[in-house]
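Notes follow the structure.
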Amino acid sequence: MDEINPIQKLNEFSKYEIPKRRTVSGLQNQYRFPNDYGASLIYGPGSYGLELAVLDFSVNPDGDLIYNTPITDDVLGYLTWKQVVDVLVGIKRLPSNRMEV
(Lines give C-alpha, C1' and ligand atoms only; values in the text may rest on other atoms or scores of the structure.)
Protein backbone atom coordinates (compact mmCIF):
# COMPACT_ATOMS: atom_id res chain seq x y z
CA MET A 1 0.00 0.00 0.00
CA ASP A 2 1.37 3.43 -0.95
CA GLU A 3 1.27 5.91 1.90
CA ILE A 4 0.60 9.54 1.00
CA ASN A 5 3.16 11.97 2.37
CA PRO A 6 1.05 14.79 3.89
CA ILE A 7 3.83 17.35 3.42
CA GLN A 8 4.02 16.48 -0.28
CA LYS A 9 0.21 16.68 -0.47
CA LEU A 10 0.30 20.08 1.27
CA ASN A 11 2.53 21.35 -1.55
CA GLU A 12 -0.46 20.99 -3.90
CA PHE A 13 -2.02 23.92 -2.04
CA SER A 14 0.93 26.26 -2.69
CA LYS A 15 -0.87 27.89 -5.62
CA TYR A 16 -3.54 29.08 -3.16
CA GLU A 17 -1.03 30.37 -0.62
CA ILE A 18 -1.11 34.09 0.14
CA PRO A 19 2.36 35.68 0.07
CA LYS A 20 3.83 35.68 3.55
CA ARG A 21 3.87 38.77 5.68
CA ARG A 22 6.32 39.43 8.45
CA THR A 23 5.46 37.22 11.41
CA VAL A 24 6.75 36.50 14.84
CA SER A 25 8.63 33.27 15.32
CA GLY A 26 6.98 30.15 14.02
CA LEU A 27 5.01 29.10 10.97
CA GLN A 28 2.16 31.10 9.51
CA ASN A 29 0.59 30.31 6.15
CA GLN A 30 -2.65 31.60 4.73
CA TYR A 31 -4.57 30.09 1.85
CA ARG A 32 -7.35 31.52 -0.32
CA PHE A 33 -9.45 29.28 -2.54
CA PRO A 34 -11.61 30.24 -5.56
CA ASN A 35 -14.76 29.82 -3.41
CA ASP A 36 -13.62 32.81 -1.25
CA TYR A 37 -12.92 30.60 1.73
CA GLY A 38 -9.45 29.98 3.02
CA ALA A 39 -7.39 29.01 6.01
CA SER A 40 -4.87 30.39 8.43
CA LEU A 41 -2.34 27.78 9.51
CA ILE A 42 -0.05 28.61 12.41
CA TYR A 43 2.44 26.87 14.62
CA GLY A 44 4.46 28.76 17.17
CA PRO A 45 4.54 30.20 20.65
CA GLY A 46 1.00 30.58 21.98
CA SER A 47 -0.63 28.36 19.36
CA TYR A 48 -2.52 25.15 20.01
CA GLY A 49 0.18 23.08 18.34
CA LEU A 50 -0.40 23.01 14.60
CA GLU A 51 -3.52 25.19 14.47
CA LEU A 52 -5.92 25.99 11.63
CA ALA A 53 -8.75 28.52 11.38
CA VAL A 54 -11.22 28.91 8.51
CA LEU A 55 -11.18 32.30 6.78
CA ASP A 56 -13.88 34.14 4.81
CA PHE A 57 -12.63 36.44 2.03
CA SER A 58 -16.05 37.41 0.62
CA VAL A 59 -16.07 40.86 2.31
CA ASN A 60 -12.58 41.54 3.61
CA PRO A 61 -9.68 40.96 1.18
CA ASP A 62 -7.46 40.11 4.16
CA GLY A 63 -9.89 37.41 5.31
CA ASP A 64 -11.97 37.19 8.47
CA LEU A 65 -12.06 34.27 10.88
CA ILE A 66 -15.34 32.41 10.45
CA TYR A 67 -16.91 30.03 12.91
CA ASN A 68 -20.07 28.79 11.17
CA THR A 69 -18.95 26.40 8.46
CA PRO A 70 -19.48 22.65 8.12
CA ILE A 71 -15.72 22.37 8.71
CA THR A 72 -15.71 23.68 12.29
CA ASP A 73 -17.24 26.17 14.68
CA ASP A 74 -13.89 27.02 16.27
CA VAL A 75 -10.15 27.01 15.68
CA LEU A 76 -8.78 23.50 15.17
CA GLY A 77 -5.72 22.78 17.29
CA TYR A 78 -3.12 20.07 17.78
CA LEU A 79 -3.54 18.82 14.20
CA THR A 80 -1.30 16.39 12.36
CA TRP A 81 -0.11 17.31 8.87
CA LYS A 82 -2.50 14.73 7.44
CA GLN A 83 -5.41 16.38 9.28
CA VAL A 84 -4.32 19.78 7.92
CA VAL A 85 -4.44 18.44 4.37
CA ASP A 86 -7.87 16.88 4.97
CA VAL A 87 -9.25 20.14 6.37
CA LEU A 88 -7.80 22.20 3.50
CA VAL A 89 -9.45 19.84 1.01
CA GLY A 90 -12.75 20.29 2.87
CA ILE A 91 -12.48 24.08 2.86
CA LYS A 92 -11.63 24.12 -0.85
CA ARG A 93 -14.74 22.03 -1.56
CA LEU A 94 -17.16 24.32 0.33
CA PRO A 95 -19.82 25.96 -1.87
CA SER A 96 -18.82 29.44 -3.00
CA ASN A 97 -19.65 32.28 -0.63
CA ARG A 98 -18.95 35.06 -3.13
CA MET A 99 -21.05 38.14 -2.68
CA GLU A 100 -23.05 39.00 -5.80
CA VAL A 101 -22.75 42.65 -6.86
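By order of appearance in the C-alpha coordinates: chains A, B, ..., then residues from 1 within every chain, and ligands from 1 in the order shown.
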
**Message:** Can you tell me which residues surround A:Tyr31 at a distance of at most 9 Å, considering only C-alpha atoms, apart from same-chain residues fewer than 3 positions away, and format the answer as a ChimeraX atom specification?
**Reply:** /A:13-18,37-41,55,88

**Request:** Using DSSP on the backbone coordinates, identify all residues within stretch 26-94 of chain A classified as strand (DSSP E or B); present the result as a VMD selection string.
**Result:** chain A and resid 27 to 32 37 to 43 51 to 56 64 to 65 76

Just the selected residues (N, CA, C and O atoms), exported as a tab-separated table (two decimals), in the first residue's frame, please.
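What follows is the written file part.tsv:
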```tsv
chain	number	residue	atom	x	y	z
A	27	LEU	N	5.57	29.28	12.31
A	27	LEU	CA	5.01	29.10	10.97
A	27	LEU	C	3.68	29.83	10.88
A	27	LEU	O	2.87	29.78	11.80
A	28	GLN	N	3.47	30.56	9.79
A	28	GLN	CA	2.16	31.10	9.51
A	28	GLN	C	1.95	31.10	8.00
A	28	GLN	O	2.68	31.75	7.27
A	29	ASN	N	0.98	30.34	7.56
A	29	ASN	CA	0.59	30.31	6.15
A	29	ASN	C	-0.88	30.64	6.06
A	29	ASN	O	-1.66	30.24	6.93
A	30	GLN	N	-1.24	31.35	5.02
A	30	GLN	CA	-2.65	31.60	4.73
A	30	GLN	C	-2.94	31.14	3.32
A	30	GLN	O	-2.09	31.26	2.43
A	31	TYR	N	-4.13	30.61	3.14
A	31	TYR	CA	-4.57	30.09	1.85
A	31	TYR	C	-5.90	30.74	1.49
A	31	TYR	O	-6.73	30.98	2.35
A	32	ARG	N	-6.08	31.00	0.20
A	32	ARG	CA	-7.35	31.52	-0.32
A	32	ARG	C	-7.74	30.69	-1.53
A	32	ARG	O	-6.99	30.58	-2.49
A	37	TYR	N	-13.28	31.09	0.41
A	37	TYR	CA	-12.92	30.60	1.73
A	37	TYR	C	-11.42	30.36	1.73
A	37	TYR	O	-10.79	30.25	0.68
A	38	GLY	N	-10.87	30.26	2.91
A	38	GLY	CA	-9.45	29.98	3.02
A	38	GLY	C	-9.12	29.48	4.40
A	38	GLY	O	-10.01	29.10	5.17
A	39	ALA	N	-7.84	29.51	4.72
A	39	ALA	CA	-7.39	29.01	6.01
A	39	ALA	C	-6.17	29.78	6.48
A	39	ALA	O	-5.37	30.25	5.68
A	40	SER	N	-6.07	29.89	7.78
A	40	SER	CA	-4.87	30.39	8.43
A	40	SER	C	-4.28	29.22	9.19
A	40	SER	O	-4.95	28.60	10.02
A	41	LEU	N	-3.04	28.90	8.89
A	41	LEU	CA	-2.34	27.78	9.51
A	41	LEU	C	-1.17	28.34	10.29
A	41	LEU	O	-0.32	29.03	9.72
A	42	ILE	N	-1.14	28.09	11.60
A	42	ILE	CA	-0.05	28.61	12.41
A	42	ILE	C	0.51	27.52	13.31
A	42	ILE	O	-0.17	26.57	13.68
A	43	TYR	N	1.77	27.71	13.64
A	43	TYR	CA	2.44	26.87	14.62
A	43	TYR	C	3.54	27.73	15.23
A	43	TYR	O	4.41	28.22	14.52
A	51	GLU	N	-2.17	24.63	14.29
A	51	GLU	CA	-3.52	25.19	14.47
A	51	GLU	C	-4.03	25.76	13.16
A	51	GLU	O	-3.30	26.41	12.42
A	52	LEU	N	-5.31	25.52	12.88
A	52	LEU	CA	-5.92	25.99	11.63
A	52	LEU	C	-7.25	26.66	11.93
A	52	LEU	O	-8.05	26.16	12.72
A	53	ALA	N	-7.47	27.81	11.29
A	53	ALA	CA	-8.75	28.52	11.38
A	53	ALA	C	-9.28	28.73	9.97
A	53	ALA	O	-8.50	28.97	9.03
A	54	VAL	N	-10.59	28.68	9.81
A	54	VAL	CA	-11.22	28.91	8.51
A	54	VAL	C	-11.36	30.42	8.32
A	54	VAL	O	-11.73	31.15	9.25
A	55	LEU	N	-11.07	30.89	7.11
A	55	LEU	CA	-11.18	32.30	6.78
A	55	LEU	C	-12.26	32.52	5.72
A	55	LEU	O	-12.48	31.67	4.87
A	56	ASP	N	-12.87	33.71	5.78
A	56	ASP	CA	-13.88	34.14	4.81
A	56	ASP	C	-13.32	35.38	4.11
A	56	ASP	O	-13.03	36.38	4.76
A	64	ASP	N	-11.46	37.13	7.10
A	64	ASP	CA	-11.97	37.19	8.47
A	64	ASP	C	-12.12	35.77	8.98
A	64	ASP	O	-12.54	34.88	8.24
A	65	LEU	N	-11.81	35.57	10.26
A	65	LEU	CA	-12.06	34.27	10.88
A	65	LEU	C	-13.56	34.01	10.83
A	65	LEU	O	-14.37	34.91	11.04
A	76	LEU	N	-9.18	24.90	15.01
A	76	LEU	CA	-8.78	23.50	15.17
A	76	LEU	C	-7.33	23.45	15.64
A	76	LEU	O	-6.46	24.03	14.97
```

**Message:** I'd like the contact shell of stretch 68-71 of chain A - 9 Å cut-off, only C-alpha atoms, skipping same-chain residues fewer than 6 positions apart - returned as a ChimeraX atom specification.
**Reply:** /A:54,87,90-91,94

Selected residues written out, N, CA and C atoms, as a PDB file, in the first residue's frame:
```pdb
ATOM      1  N   VAL A  54     -10.585  28.679   9.808  1.00  0.00           N
ATOM      2  CA  VAL A  54     -11.223  28.915   8.515  1.00  0.00           C
ATOM      3  C   VAL A  54     -11.364  30.422   8.324  1.00  0.00           C
ATOM      4  N   VAL A  87      -8.436  18.952   6.114  1.00  0.00           N
ATOM      5  CA  VAL A  87      -9.248  20.139   6.371  1.00  0.00           C
ATOM      6  C   VAL A  87      -9.147  21.118   5.198  1.00  0.00           C
ATOM      7  N   GLY A  90     -11.365  19.992   2.518  1.00  0.00           N
ATOM      8  CA  GLY A  90     -12.751  20.289   2.870  1.00  0.00           C
ATOM      9  C   GLY A  90     -13.116  21.751   2.664  1.00  0.00           C
ATOM     10  N   ILE A  91     -12.223  22.647   3.037  1.00  0.00           N
ATOM     11  CA  ILE A  91     -12.475  24.081   2.856  1.00  0.00           C
ATOM     12  C   ILE A  91     -12.553  24.415   1.373  1.00  0.00           C
ATOM     13  N   LEU A  94     -15.957  23.632  -0.135  1.00  0.00           N
ATOM     14  CA  LEU A  94     -17.164  24.315   0.328  1.00  0.00           C
ATOM     15  C   LEU A  94     -17.816  25.058  -0.824  1.00  0.00           C
TER      16      LEU A  94
END
```

**Gap from atom CA of A:Asn35 to atom CA of A:Leu50 - Å, one decimal** = 24.0 Å
